[in-house]
file structure_24.pdb (PDB, C-alpha atoms)
ATOM      1  CA  MET A 103      -8.367  26.128   5.099  1.00  0.00           C
ATOM      2  CA  THR A 104      -4.780  26.829   6.138  1.00  0.00           C
ATOM      3  CA  GLY A 105      -3.613  30.143   7.565  1.00  0.00           C
ATOM      4  CA  PHE A 106      -3.949  33.491   5.741  1.00  0.00           C
ATOM      5  CA  GLY A 107      -6.834  32.269   3.580  1.00  0.00           C
ATOM      6  CA  SER A 108      -4.652  29.979   1.430  1.00  0.00           C
ATOM      7  CA  PRO A 109      -6.262  26.727   0.309  1.00  0.00           C
ATOM      8  CA  CYS A 110      -4.715  23.520   1.641  1.00  0.00           C
ATOM      9  CA  GLY A 111      -2.504  21.463  -0.670  1.00  0.00           C
ATOM     10  CA  ALA A 112      -5.347  19.100  -1.564  1.00  0.00           C
ATOM     11  CA  CYS A 113      -7.792  21.885  -2.487  1.00  0.00           C
ATOM     12  CA  LYS A 114      -4.984  23.711  -4.331  1.00  0.00           C
ATOM     13  CA  PHE A 115      -4.387  20.562  -6.377  1.00  0.00           C
ATOM     14  CA  LEU A 116      -8.111  19.986  -6.940  1.00  0.00           C
ATOM     15  CA  ARG A 117      -8.582  23.712  -7.748  1.00  0.00           C
ATOM     16  CA  ARG A 118     -11.513  24.003  -5.416  1.00  0.00           C
ATOM     17  CA  LYS A 119     -12.441  26.342  -2.590  1.00  0.00           C
ATOM     18  CA  CYS A 120     -10.961  25.178   0.696  1.00  0.00           C
ATOM     19  CA  VAL A 121     -13.755  25.499   3.219  1.00  0.00           C
ATOM     20  CA  LYS A 122     -13.514  25.622   6.990  1.00  0.00           C
ATOM     21  CA  GLY A 123     -13.377  22.051   8.294  1.00  0.00           C
ATOM     22  CA  CYS A 124     -11.878  20.663   5.068  1.00  0.00           C
ATOM     23  CA  VAL A 125     -10.881  17.074   5.925  1.00  0.00           C
ATOM     24  CA  PHE A 126      -7.549  17.374   4.089  1.00  0.00           C
ATOM     25  CA  SER A 127      -6.327  20.763   5.303  1.00  0.00           C
ATOM     26  CA  PRO A 128      -4.628  19.663   8.582  1.00  0.00           C
ATOM     27  CA  TYR A 129      -2.471  17.151   6.673  1.00  0.00           C
ATOM     28  CA  PHE A 130      -1.689  18.803   3.337  1.00  0.00           C
ATOM     29  CA  CYS A 131      -0.125  22.233   3.648  1.00  0.00           C
ATOM     30  CA  HIS A 132      -0.395  24.844   0.919  1.00  0.00           C
ATOM     31  CA  GLU A 133       3.216  24.449  -0.233  1.00  0.00           C
ATOM     32  CA  GLN A 134       4.384  20.791  -0.329  1.00  0.00           C
ATOM     33  CA  GLY A 135       0.922  19.353   0.330  1.00  0.00           C
ATOM     34  CA  ALA A 136      -0.241  19.663  -3.277  1.00  0.00           C
ATOM     35  CA  ALA A 137       2.530  17.348  -4.552  1.00  0.00           C
ATOM     36  CA  HIS A 138       1.796  14.774  -1.834  1.00  0.00           C
ATOM     37  CA  PHE A 139      -1.902  14.972  -2.547  1.00  0.00           C
ATOM     38  CA  ALA A 140      -1.335  14.576  -6.298  1.00  0.00           C
ATOM     39  CA  ALA A 141       0.057  11.078  -5.676  1.00  0.00           C
ATOM     40  CA  ILE A 142      -2.834  10.178  -3.352  1.00  0.00           C
ATOM     41  CA  HIS A 143      -5.321  11.493  -5.909  1.00  0.00           C
ATOM     42  CA  LYS A 144      -3.783   9.435  -8.715  1.00  0.00           C
ATOM     43  CA  VAL A 145      -3.574   6.182  -6.734  1.00  0.00           C
ATOM     44  CA  PHE A 146      -6.544   6.238  -4.342  1.00  0.00           C
ATOM     45  CA  GLY A 147      -8.712   9.026  -5.716  1.00  0.00           C
ATOM     46  CA  ALA A 148      -9.683  12.124  -3.723  1.00  0.00           C
ATOM     47  CA  SER A 149     -13.096  10.717  -2.857  1.00  0.00           C
ATOM     48  CA  ASN A 150     -11.755   7.421  -1.456  1.00  0.00           C
ATOM     49  CA  ALA A 151      -9.051   9.255   0.512  1.00  0.00           C
ATOM     50  CA  SER A 152     -11.620  11.660   1.919  1.00  0.00           C
ATOM     51  CA  LYS A 153     -13.968   8.811   2.921  1.00  0.00           C
ATOM     52  CA  LEU A 154     -11.142   6.945   4.619  1.00  0.00           C
ATOM     53  CA  LEU A 155     -10.116   9.992   6.673  1.00  0.00           C
ATOM     54  CA  MET A 156     -13.715  10.905   7.542  1.00  0.00           C
ATOM     55  CA  HIS A 157     -14.345   7.427   8.970  1.00  0.00           C
ATOM     56  CA  LEU A 158     -11.385   7.710  11.366  1.00  0.00           C
ATOM     57  CA  PRO A 159     -11.186   9.542  14.693  1.00  0.00           C
ATOM     58  CA  ILE A 160      -9.388  12.895  14.254  1.00  0.00           C
ATOM     59  CA  SER A 161      -6.490  11.612  16.382  1.00  0.00           C
ATOM     60  CA  ASP A 162      -5.742   8.870  13.821  1.00  0.00           C
ATOM     61  CA  ARG A 163      -6.101  10.883  10.629  1.00  0.00           C
ATOM     62  CA  CYS A 164      -2.572  12.293  10.486  1.00  0.00           C
ATOM     63  CA  GLU A 165      -1.010   8.799  10.539  1.00  0.00           C
ATOM     64  CA  ALA A 166      -3.498   7.627   7.913  1.00  0.00           C
ATOM     65  CA  ALA A 167      -2.658  10.590   5.647  1.00  0.00           C
ATOM     66  CA  VAL A 168       1.078   9.879   6.041  1.00  0.00           C
ATOM     67  CA  THR A 169       0.746   6.167   5.292  1.00  0.00           C
ATOM     68  CA  MET A 170      -1.577   6.781   2.309  1.00  0.00           C
ATOM     69  CA  SER A 171       0.936   9.287   0.981  1.00  0.00           C
ATOM     70  CA  TYR A 172       3.732   6.732   1.435  1.00  0.00           C
ATOM     71  CA  GLU A 173       1.754   3.994  -0.331  1.00  0.00           C
ATOM     72  CA  ALA A 174       0.768   6.312  -3.157  1.00  0.00           C
ATOM     73  CA  GLN A 175       4.358   7.506  -3.754  1.00  0.00           C
ATOM     74  CA  ALA A 176       5.566   3.899  -3.721  1.00  0.00           C
ATOM     75  CA  ARG A 177       2.898   2.847  -6.256  1.00  0.00           C
ATOM     76  CA  LEU A 178       3.837   5.706  -8.593  1.00  0.00           C
ATOM     77  CA  GLN A 179       7.533   4.791  -8.368  1.00  0.00           C
ATOM     78  CA  ASP A 180       6.858   1.079  -8.803  1.00  0.00           C
ATOM     79  CA  PRO A 181       3.467   0.547 -10.478  1.00  0.00           C
ATOM     80  CA  ILE A 182       3.776  -3.268 -10.346  1.00  0.00           C
ATOM     81  CA  TYR A 183       4.669  -3.838  -6.704  1.00  0.00           C
ATOM     82  CA  GLY A 184       4.168  -0.476  -4.961  1.00  0.00           C
ATOM     83  CA  CYS A 185       5.194  -0.599  -1.318  1.00  0.00           C
ATOM     84  CA  VAL A 186       4.801  -4.399  -1.376  1.00  0.00           C
ATOM     85  CA  ALA A 187       8.304  -4.319  -2.909  1.00  0.00           C
ATOM     86  CA  HIS A 188       9.541  -2.931   0.444  1.00  0.00           C
ATOM     87  CA  ILE A 189       7.755  -5.770   2.250  1.00  0.00           C
ATOM     88  CA  PHE A 190       9.396  -8.402   0.001  1.00  0.00           C
ATOM     89  CA  SER A 191      12.807  -6.791   0.488  1.00  0.00           C
ATOM     90  CA  LEU A 192      12.408  -6.659   4.293  1.00  0.00           C
ATOM     91  CA  GLN A 193      11.150 -10.265   4.379  1.00  0.00           C
ATOM     92  CA  GLN A 194      14.278 -11.363   2.511  1.00  0.00           C
ATOM     93  CA  GLN A 195      16.467  -9.417   4.943  1.00  0.00           C
ATOM     94  CA  VAL A 196      14.693 -11.022   7.920  1.00  0.00           C
ATOM     95  CA  SER A 197      15.248 -14.485   6.358  1.00  0.00           C
ATOM     96  CA  ARG A 198      18.962 -13.787   5.773  1.00  0.00           C
ATOM     97  CA  PHE A 199      19.434 -12.525   9.332  1.00  0.00           C
ATOM     98  CA  TYR A 200      17.477 -15.490  10.706  1.00  0.00           C
ATOM     99  CA  ILE A 201      19.821 -17.907   8.898  1.00  0.00           C
ATOM    100  CA  ILE A 202      22.915 -16.062  10.202  1.00  0.00           C
ATOM    101  CA  ILE A 203      21.597 -16.165  13.782  1.00  0.00           C
ATOM    102  CA  HIS A 204      20.586 -19.818  13.437  1.00  0.00           C
ATOM    103  CA  LEU A 205      23.996 -20.813  12.047  1.00  0.00           C
ATOM    104  CA  ASN A 206      25.827 -18.865  14.781  1.00  0.00           C
ATOM    105  CA  THR A 207      23.690 -20.478  17.476  1.00  0.00           C
ATOM    106  CA  ASN A 208      24.453 -23.945  16.078  1.00  0.00           C
ATOM    107  CA  ASN A 209      28.186 -23.156  15.941  1.00  0.00           C
ATOM    108  CA  PHE A 210      28.081 -21.908  19.514  1.00  0.00           C
ATOM    109  CA  PHE A 211      26.589 -25.177  20.781  1.00  0.00           C
ATOM    110  CA  ALA A 212      28.598 -27.428  18.431  1.00  0.00           C
TER     111      ALA A 212
ATOM    112  CA  MET B  33     -14.959 -12.483 -19.883  1.00  0.00           C
ATOM    113  CA  THR B  34     -14.136 -15.743 -18.115  1.00  0.00           C
ATOM    114  CA  GLY B  35     -15.123 -19.151 -19.466  1.00  0.00           C
ATOM    115  CA  PHE B  36     -18.734 -20.225 -20.124  1.00  0.00           C
ATOM    116  CA  GLY B  37     -19.951 -16.640 -20.571  1.00  0.00           C
ATOM    117  CA  SER B  38     -19.686 -15.812 -16.847  1.00  0.00           C
ATOM    118  CA  PRO B  39     -18.571 -12.266 -16.046  1.00  0.00           C
ATOM    119  CA  CYS B  40     -15.214 -11.911 -14.276  1.00  0.00           C
ATOM    120  CA  GLY B  41     -15.206 -11.146 -10.541  1.00  0.00           C
ATOM    121  CA  ALA B  42     -14.703  -7.424 -11.138  1.00  0.00           C
ATOM    122  CA  CYS B  43     -17.595  -7.104 -13.601  1.00  0.00           C
ATOM    123  CA  LYS B  44     -19.738  -9.312 -11.357  1.00  0.00           C
ATOM    124  CA  PHE B  45     -19.042  -6.921  -8.471  1.00  0.00           C
ATOM    125  CA  LEU B  46     -19.612  -3.845 -10.646  1.00  0.00           C
ATOM    126  CA  ARG B  47     -22.757  -5.456 -12.137  1.00  0.00           C
ATOM    127  CA  ARG B  48     -21.683  -4.678 -15.652  1.00  0.00           C
ATOM    128  CA  LYS B  49     -21.332  -6.682 -18.837  1.00  0.00           C
ATOM    129  CA  CYS B  50     -17.936  -8.352 -19.029  1.00  0.00           C
ATOM    130  CA  VAL B  51     -16.728  -7.756 -22.563  1.00  0.00           C
ATOM    131  CA  LYS B  52     -14.019  -9.597 -24.447  1.00  0.00           C
ATOM    132  CA  GLY B  53     -10.657  -8.046 -23.547  1.00  0.00           C
ATOM    133  CA  CYS B  54     -11.871  -6.831 -20.112  1.00  0.00           C
ATOM    134  CA  VAL B  55      -8.702  -5.664 -18.311  1.00  0.00           C
ATOM    135  CA  PHE B  56      -9.759  -7.297 -15.045  1.00  0.00           C
ATOM    136  CA  SER B  57     -10.952 -10.703 -16.251  1.00  0.00           C
ATOM    137  CA  PRO B  58      -7.587 -12.550 -16.303  1.00  0.00           C
ATOM    138  CA  TYR B  59      -6.964 -11.639 -12.630  1.00  0.00           C
ATOM    139  CA  PHE B  60     -10.389 -11.775 -10.979  1.00  0.00           C
ATOM    140  CA  CYS B  61     -12.214 -15.027 -11.459  1.00  0.00           C
ATOM    141  CA  HIS B  62     -15.996 -15.304 -11.291  1.00  0.00           C
ATOM    142  CA  GLU B  63     -16.026 -17.007  -7.874  1.00  0.00           C
ATOM    143  CA  GLN B  64     -13.477 -15.495  -5.453  1.00  0.00           C
ATOM    144  CA  GLY B  65     -12.570 -12.558  -7.695  1.00  0.00           C
ATOM    145  CA  ALA B  66     -15.565 -10.457  -6.735  1.00  0.00           C
ATOM    146  CA  ALA B  67     -14.533 -10.353  -3.051  1.00  0.00           C
ATOM    147  CA  HIS B  68     -10.947  -9.434  -3.947  1.00  0.00           C
ATOM    148  CA  PHE B  69     -12.151  -6.786  -6.347  1.00  0.00           C
ATOM    149  CA  ALA B  70     -14.530  -5.340  -3.743  1.00  0.00           C
ATOM    150  CA  ALA B  71     -11.542  -4.383  -1.588  1.00  0.00           C
ATOM    151  CA  ILE B  72      -9.674  -2.883  -4.551  1.00  0.00           C
ATOM    152  CA  HIS B  73     -12.778  -0.939  -5.547  1.00  0.00           C
ATOM    153  CA  LYS B  74     -13.226   0.465  -2.054  1.00  0.00           C
ATOM    154  CA  VAL B  75      -9.592   1.476  -1.566  1.00  0.00           C
ATOM    155  CA  PHE B  76      -8.325   2.402  -5.047  1.00  0.00           C
ATOM    156  CA  GLY B  77     -11.505   2.726  -7.080  1.00  0.00           C
ATOM    157  CA  ALA B  78     -12.267   0.649 -10.167  1.00  0.00           C
ATOM    158  CA  SER B  79     -11.202   3.415 -12.537  1.00  0.00           C
ATOM    159  CA  ASN B  80      -7.779   3.936 -10.915  1.00  0.00           C
ATOM    160  CA  ALA B  81      -7.164   0.181 -10.759  1.00  0.00           C
ATOM    161  CA  SER B  82      -8.126  -0.168 -14.420  1.00  0.00           C
ATOM    162  CA  LYS B  83      -5.842   2.721 -15.465  1.00  0.00           C
ATOM    163  CA  LEU B  84      -2.923   1.253 -13.518  1.00  0.00           C
ATOM    164  CA  LEU B  85      -3.317  -2.166 -15.171  1.00  0.00           C
ATOM    165  CA  MET B  86      -3.831  -0.695 -18.644  1.00  0.00           C
ATOM    166  CA  HIS B  87      -0.562   1.244 -18.386  1.00  0.00           C
ATOM    167  CA  LEU B  88       1.429  -1.920 -17.641  1.00  0.00           C
ATOM    168  CA  PRO B  89       2.654  -4.589 -20.051  1.00  0.00           C
ATOM    169  CA  ILE B  90       0.376  -7.639 -19.944  1.00  0.00           C
ATOM    170  CA  SER B  91       3.213  -9.706 -18.429  1.00  0.00           C
ATOM    171  CA  ASP B  92       3.278  -7.433 -15.342  1.00  0.00           C
ATOM    172  CA  ARG B  93      -0.450  -7.080 -14.735  1.00  0.00           C
ATOM    173  CA  CYS B  94      -0.948 -10.236 -12.693  1.00  0.00           C
ATOM    174  CA  GLU B  95       1.648  -9.163 -10.103  1.00  0.00           C
ATOM    175  CA  ALA B  96       0.150  -5.667 -10.011  1.00  0.00           C
ATOM    176  CA  ALA B  97      -3.357  -7.083  -9.444  1.00  0.00           C
ATOM    177  CA  VAL B  98      -2.044  -9.308  -6.639  1.00  0.00           C
ATOM    178  CA  THR B  99      -0.160  -6.490  -4.895  1.00  0.00           C
ATOM    179  CA  MET B 100      -3.077  -4.062  -5.238  1.00  0.00           C
ATOM    180  CA  SER B 101      -5.359  -6.707  -3.759  1.00  0.00           C
ATOM    181  CA  TYR B 102      -2.899  -7.210  -0.874  1.00  0.00           C
ATOM    182  CA  GLU B 103      -2.650  -3.459  -0.216  1.00  0.00           C
ATOM    183  CA  ALA B 104      -6.412  -3.024  -0.397  1.00  0.00           C
ATOM    184  CA  GLN B 105      -7.106  -5.899   2.023  1.00  0.00           C
ATOM    185  CA  ALA B 106      -4.503  -4.504   4.431  1.00  0.00           C
ATOM    186  CA  ARG B 107      -6.040  -1.018   4.290  1.00  0.00           C
ATOM    187  CA  LEU B 108      -9.522  -2.399   5.014  1.00  0.00           C
ATOM    188  CA  GLN B 109      -8.198  -4.406   7.960  1.00  0.00           C
ATOM    189  CA  ASP B 110      -6.133  -1.499   9.298  1.00  0.00           C
ATOM    190  CA  PRO B 111      -7.501   1.804   7.945  1.00  0.00           C
ATOM    191  CA  ILE B 112      -4.822   3.867   9.711  1.00  0.00           C
ATOM    192  CA  TYR B 113      -1.636   2.077   8.667  1.00  0.00           C
ATOM    193  CA  GLY B 114      -2.687  -0.379   5.931  1.00  0.00           C
ATOM    194  CA  CYS B 115       0.217  -2.531   4.766  1.00  0.00           C
ATOM    195  CA  VAL B 116       2.641   0.071   6.121  1.00  0.00           C
ATOM    196  CA  ALA B 117       2.004  -1.669   9.464  1.00  0.00           C
ATOM    197  CA  HIS B 118       3.704  -4.769   7.975  1.00  0.00           C
ATOM    198  CA  ILE B 119       6.642  -2.607   6.904  1.00  0.00           C
ATOM    199  CA  PHE B 120       7.010  -1.156  10.416  1.00  0.00           C
ATOM    200  CA  SER B 121       6.815  -4.621  11.956  1.00  0.00           C
ATOM    201  CA  LEU B 122       9.421  -6.053   9.567  1.00  0.00           C
ATOM    202  CA  GLN B 123      11.709  -3.045  10.118  1.00  0.00           C
ATOM    203  CA  GLN B 124      11.559  -3.673  13.873  1.00  0.00           C
ATOM    204  CA  GLN B 125      12.356  -7.357  13.329  1.00  0.00           C
ATOM    205  CA  VAL B 126      15.340  -6.461  11.107  1.00  0.00           C
ATOM    206  CA  SER B 127      16.597  -4.067  13.813  1.00  0.00           C
ATOM    207  CA  ARG B 128      16.246  -6.716  16.538  1.00  0.00           C
ATOM    208  CA  PHE B 129      18.062  -9.328  14.430  1.00  0.00           C
ATOM    209  CA  TYR B 130      20.765  -6.799  13.524  1.00  0.00           C
ATOM    210  CA  ILE B 131      21.424  -6.117  17.209  1.00  0.00           C
ATOM    211  CA  ILE B 132      21.601  -9.864  17.980  1.00  0.00           C
ATOM    212  CA  ILE B 133      24.059 -10.450  15.117  1.00  0.00           C
ATOM    213  CA  HIS B 134      26.122  -7.404  16.102  1.00  0.00           C
ATOM    214  CA  LEU B 135      26.297  -8.495  19.759  1.00  0.00           C
ATOM    215  CA  ASN B 136      27.264 -12.061  18.769  1.00  0.00           C
ATOM    216  CA  THR B 137      29.977 -10.782  16.440  1.00  0.00           C
ATOM    217  CA  ASN B 138      31.385  -8.586  19.214  1.00  0.00           C
ATOM    218  CA  ASN B 139      31.342 -11.527  21.667  1.00  0.00           C
ATOM    219  CA  PHE B 140      33.072 -13.741  19.128  1.00  0.00           C
ATOM    220  CA  PHE B 141      35.933 -11.288  18.687  1.00  0.00           C
ATOM    221  CA  ALA B 142      36.077 -10.228  22.352  1.00  0.00           C
TER     222      ALA B 142
END

call {"tool": "encode", "arguments": {"input": "structure_24.pdb", "output": "structure tokens"}}
result
Amino acid sequence: MTGFGSPCGACKFLRRKCVKGCVFSPYFCHEQGAAHFAAIHKVFGASNASKLLMHLPISDRCEAAVTMSYEAQARLQDPIYGCVAHIFSLQQQVSRFYIIIHLNTNNFFA
Amino acid sequence: MTGFGSPCGACKFLRRKCVKGCVFSPYFCHEQGAAHFAAIHKVFGASNASKLLMHLPISDRCEAAVTMSYEAQARLQDPIYGCVAHIFSLQQQVSRFYIIIHLNTNNFFA
């Protein structure tokens, strides 16, 4: 339950009563939270997301909600690769930079 | 349905009959497939994974199954960050390499 009796974004999306102690409410506000939760719901499912948060210490839940939201958005934008596309892209960049550094080092000692 | 009438790894895990045309069977073999599917089931849910594959052209489904399996394994190993931890790590490596290249370029032209 967020302030002023409004349901959190997750409960708003799920059209259910947002009870005190709702596991989603600290991380999905009434306004933008529903859109973020919609992606999580479509990719992970509300039940899986809830279980994952419930099994974490409260201090870690915010980061987990953010990273799940990131993964879910990425999977909706790119259903084949999801955020693994970002990993591939970064790995390629690391390889390119590694080659540049390696070549420069060789030139320096040549 | 995989060869010799064995259920695919997903149907083996879900303890259901593996019918001809099962969406999971080409990507989850009877032997190792069940373990891979277990992670996908826990993180994404069998229904969400099935829907995602069904909405893709057949030519893209193998890559999607592999990347979902990768994401699911990462989330089980690191429930807070999942594969986003790999993204953070690679981003840091790119930044470090960028600084090295930038410093070397400045030294070269100094």

call {"tool": "interface_residues", "arguments": {"input": "structure_24.pdb", "of": "chain A", "to": "chain B", "cutoff": "10 Å", "atoms": "all atoms listed in the file", "output": "PyMOL selection string"}}
result
chain A and resi 142-151+153-155+157-159+162-170+172-173+177-178+180-200+202-203+206-207+210

call {"tool": "calpha_fit_and_write", "arguments": {"input": "structure_24.pdb", "fixed": "chain B", "moving": "chain A", "output": "mmCIF file with C-alpha atoms, in the frame of the given file"}}
result
data_model
loop_
_atom_site.group_PDB
_atom_site.id
_atom_site.type_symbol
_atom_site.label_atom_id
_atom_site.label_comp_id
_atom_site.auth_asym_id
_atom_site.auth_seq_id
_atom_site.Cartn_x
_atom_site.Cartn_y
_atom_site.Cartn_z
ATOM 1 C CA MET A 103 -15.012 -12.514 -19.904
ATOM 2 C CA THR A 104 -14.189 -15.783 -18.150
ATOM 3 C CA GLY A 105 -15.193 -19.191 -19.475
ATOM 4 C CA PHE A 106 -18.811 -20.237 -20.155
ATOM 5 C CA GLY A 107 -19.998 -16.645 -20.572
ATOM 6 C CA SER A 108 -19.704 -15.797 -16.854
ATOM 7 C CA PRO A 109 -18.585 -12.259 -16.043
ATOM 8 C CA CYS A 110 -15.238 -11.901 -14.276
ATOM 9 C CA GLY A 111 -15.213 -11.147 -10.549
ATOM 10 C CA ALA A 112 -14.708 -7.423 -11.134
ATOM 11 C CA CYS A 113 -17.609 -7.095 -13.596
ATOM 12 C CA LYS A 114 -19.753 -9.308 -11.333
ATOM 13 C CA PHE A 115 -19.046 -6.919 -8.460
ATOM 14 C CA LEU A 116 -19.627 -3.836 -10.623
ATOM 15 C CA ARG A 117 -22.779 -5.453 -12.109
ATOM 16 C CA ARG A 118 -21.715 -4.657 -15.623
ATOM 17 C CA LYS A 119 -21.362 -6.661 -18.813
ATOM 18 C CA CYS A 120 -17.970 -8.333 -19.015
ATOM 19 C CA VAL A 121 -16.766 -7.727 -22.544
ATOM 20 C CA LYS A 122 -14.067 -9.561 -24.454
ATOM 21 C CA GLY A 123 -10.708 -8.025 -23.544
ATOM 22 C CA CYS A 124 -11.903 -6.815 -20.126
ATOM 23 C CA VAL A 125 -8.729 -5.654 -18.341
ATOM 24 C CA PHE A 126 -9.767 -7.290 -15.053
ATOM 25 C CA SER A 127 -10.969 -10.691 -16.255
ATOM 26 C CA PRO A 128 -7.592 -12.546 -16.320
ATOM 27 C CA TYR A 129 -6.978 -11.647 -12.656
ATOM 28 C CA PHE A 130 -10.394 -11.766 -10.989
ATOM 29 C CA CYS A 131 -12.229 -15.038 -11.472
ATOM 30 C CA HIS A 132 -16.003 -15.295 -11.304
ATOM 31 C CA GLU A 133 -16.037 -16.983 -7.887
ATOM 32 C CA GLN A 134 -13.485 -15.491 -5.435
ATOM 33 C CA GLY A 135 -12.561 -12.576 -7.700
ATOM 34 C CA ALA A 136 -15.568 -10.458 -6.733
ATOM 35 C CA ALA A 137 -14.532 -10.360 -3.048
ATOM 36 C CA HIS A 138 -10.941 -9.449 -3.957
ATOM 37 C CA PHE A 139 -12.146 -6.793 -6.348
ATOM 38 C CA ALA A 140 -14.526 -5.342 -3.745
ATOM 39 C CA ALA A 141 -11.525 -4.402 -1.584
ATOM 40 C CA ILE A 142 -9.663 -2.902 -4.560
ATOM 41 C CA HIS A 143 -12.776 -0.957 -5.548
ATOM 42 C CA LYS A 144 -13.212 0.459 -2.044
ATOM 43 C CA VAL A 145 -9.562 1.465 -1.581
ATOM 44 C CA PHE A 146 -8.302 2.406 -5.056
ATOM 45 C CA GLY A 147 -11.492 2.737 -7.075
ATOM 46 C CA ALA A 148 -12.260 0.652 -10.169
ATOM 47 C CA SER A 149 -11.198 3.428 -12.523
ATOM 48 C CA ASN A 150 -7.772 3.949 -10.906
ATOM 49 C CA ALA A 151 -7.163 0.186 -10.777
ATOM 50 C CA SER A 152 -8.132 -0.158 -14.424
ATOM 51 C CA LYS A 153 -5.848 2.728 -15.466
ATOM 52 C CA LEU A 154 -2.940 1.256 -13.534
ATOM 53 C CA LEU A 155 -3.331 -2.161 -15.186
ATOM 54 C CA MET A 156 -3.847 -0.677 -18.661
ATOM 55 C CA HIS A 157 -0.575 1.263 -18.415
ATOM 56 C CA LEU A 158 1.423 -1.906 -17.673
ATOM 57 C CA PRO A 159 2.648 -4.567 -20.098
ATOM 58 C CA ILE A 160 0.354 -7.631 -19.974
ATOM 59 C CA SER A 161 3.195 -9.689 -18.469
ATOM 60 C CA ASP A 162 3.278 -7.431 -15.381
ATOM 61 C CA ARG A 163 -0.447 -7.067 -14.775
ATOM 62 C CA CYS A 164 -0.966 -10.230 -12.727
ATOM 63 C CA GLU A 165 1.644 -9.165 -10.138
ATOM 64 C CA ALA A 166 0.145 -5.672 -10.036
ATOM 65 C CA ALA A 167 -3.362 -7.083 -9.459
ATOM 66 C CA VAL A 168 -2.041 -9.316 -6.651
ATOM 67 C CA THR A 169 -0.152 -6.511 -4.915
ATOM 68 C CA MET A 170 -3.081 -4.067 -5.258
ATOM 69 C CA SER A 171 -5.349 -6.717 -3.775
ATOM 70 C CA TYR A 172 -2.890 -7.221 -0.902
ATOM 71 C CA GLU A 173 -2.640 -3.477 -0.229
ATOM 72 C CA ALA A 174 -6.395 -3.035 -0.405
ATOM 73 C CA GLN A 175 -7.092 -5.914 2.023
ATOM 74 C CA ALA A 176 -4.474 -4.535 4.414
ATOM 75 C CA ARG A 177 -6.014 -1.033 4.285
ATOM 76 C CA LEU A 178 -9.488 -2.417 5.016
ATOM 77 C CA GLN A 179 -8.159 -4.428 7.973
ATOM 78 C CA ASP A 180 -6.092 -1.526 9.289
ATOM 79 C CA PRO A 181 -7.463 1.778 7.950
ATOM 80 C CA ILE A 182 -4.768 3.844 9.721
ATOM 81 C CA TYR A 183 -1.602 2.052 8.648
ATOM 82 C CA GLY A 184 -2.658 -0.404 5.919
ATOM 83 C CA CYS A 185 0.230 -2.558 4.754
ATOM 84 C CA VAL A 186 2.672 0.049 6.110
ATOM 85 C CA ALA A 187 2.026 -1.695 9.452
ATOM 86 C CA HIS A 188 3.723 -4.791 7.956
ATOM 87 C CA ILE A 189 6.670 -2.628 6.885
ATOM 88 C CA PHE A 190 7.040 -1.167 10.408
ATOM 89 C CA SER A 191 6.827 -4.639 11.945
ATOM 90 C CA LEU A 192 9.448 -6.065 9.547
ATOM 91 C CA GLN A 193 11.736 -3.058 10.113
ATOM 92 C CA GLN A 194 11.579 -3.690 13.862
ATOM 93 C CA GLN A 195 12.374 -7.373 13.319
ATOM 94 C CA VAL A 196 15.350 -6.467 11.103
ATOM 95 C CA SER A 197 16.613 -4.063 13.817
ATOM 96 C CA ARG A 198 16.276 -6.727 16.540
ATOM 97 C CA PHE A 199 18.093 -9.321 14.429
ATOM 98 C CA TYR A 200 20.784 -6.784 13.521
ATOM 99 C CA ILE A 201 21.436 -6.111 17.226
ATOM 100 C CA ILE A 202 21.613 -9.861 17.993
ATOM 101 C CA ILE A 203 24.091 -10.432 15.147
ATOM 102 C CA HIS A 204 26.133 -7.380 16.145
ATOM 103 C CA LEU A 205 26.297 -8.466 19.798
ATOM 104 C CA ASN A 206 27.258 -12.038 18.831
ATOM 105 C CA THR A 207 29.979 -10.765 16.506
ATOM 106 C CA ASN A 208 31.396 -8.567 19.285
ATOM 107 C CA ASN A 209 31.326 -11.490 21.741
ATOM 108 C CA PHE A 210 33.076 -13.695 19.209
ATOM 109 C CA PHE A 211 35.963 -11.237 18.826
ATOM 110 C CA ALA A 212 36.059 -10.212 22.509
#

call {"tool": "axis_aligned_box", "arguments": {"input": "structure_24.pdb", "around": "segment 201-206 of chain A", "padding_each_side": "8 Å", "output": "lines of an AutoDock Vina configuration file"}}
result
center_x = 22.8
center_y = -18.4
center_z = 11.8
size_x = 22.0
size_y = 20.8
size_z = 21.9

call {"tool": "resolve_selection", "arguments": {"input": "structure_24.pdb", "expression": "the PyMOL selection byres ((chain B and resi 36-43) around 8)", "output": "JSON list (two decimals) with C-alpha atoms, in the coordinates of the input"}}
result
[["chain", "number", "residue", "atom", "x", "y", "z"],
["B", 33, "MET", "CA", -14.96, -12.48, -19.88],
["B", 34, "THR", "CA", -14.14, -15.74, -18.11],
["B", 35, "GLY", "CA", -15.12, -19.15, -19.47],
["B", 44, "LYS", "CA", -19.74, -9.31, -11.36],
["B", 45, "PHE", "CA", -19.04, -6.92, -8.47],
["B", 46, "LEU", "CA", -19.61, -3.84, -10.65],
["B", 47, "ARG", "CA", -22.76, -5.46, -12.14],
["B", 48, "ARG", "CA", -21.68, -4.68, -15.65],
["B", 49, "LYS", "CA", -21.33, -6.68, -18.84],
["B", 50, "CYS", "CA", -17.94, -8.35, -19.03],
["B", 56, "PHE", "CA", -9.76, -7.30, -15.04],
["B", 57, "SER", "CA", -10.95, -10.70, -16.25],
["B", 58, "PRO", "CA", -7.59, -12.55, -16.30],
["B", 60, "PHE", "CA", -10.39, -11.78, -10.98],
["B", 61, "CYS", "CA", -12.21, -15.03, -11.46],
["B", 62, "HIS", "CA", -16.00, -15.30, -11.29],
["B", 63, "GLU", "CA", -16.03, -17.01, -7.87],
["B", 64, "GLN", "CA", -13.48, -15.50, -5.45],
["B", 65, "GLY", "CA", -12.57, -12.56, -7.70],
["B", 66, "ALA", "CA", -15.56, -10.46, -6.74],
["B", 67, "ALA", "CA", -14.53, -10.35, -3.05],
["B", 69, "PHE", "CA", -12.15, -6.79, -6.35],
["B", 70, "ALA", "CA", -14.53, -5.34, -3.74]]
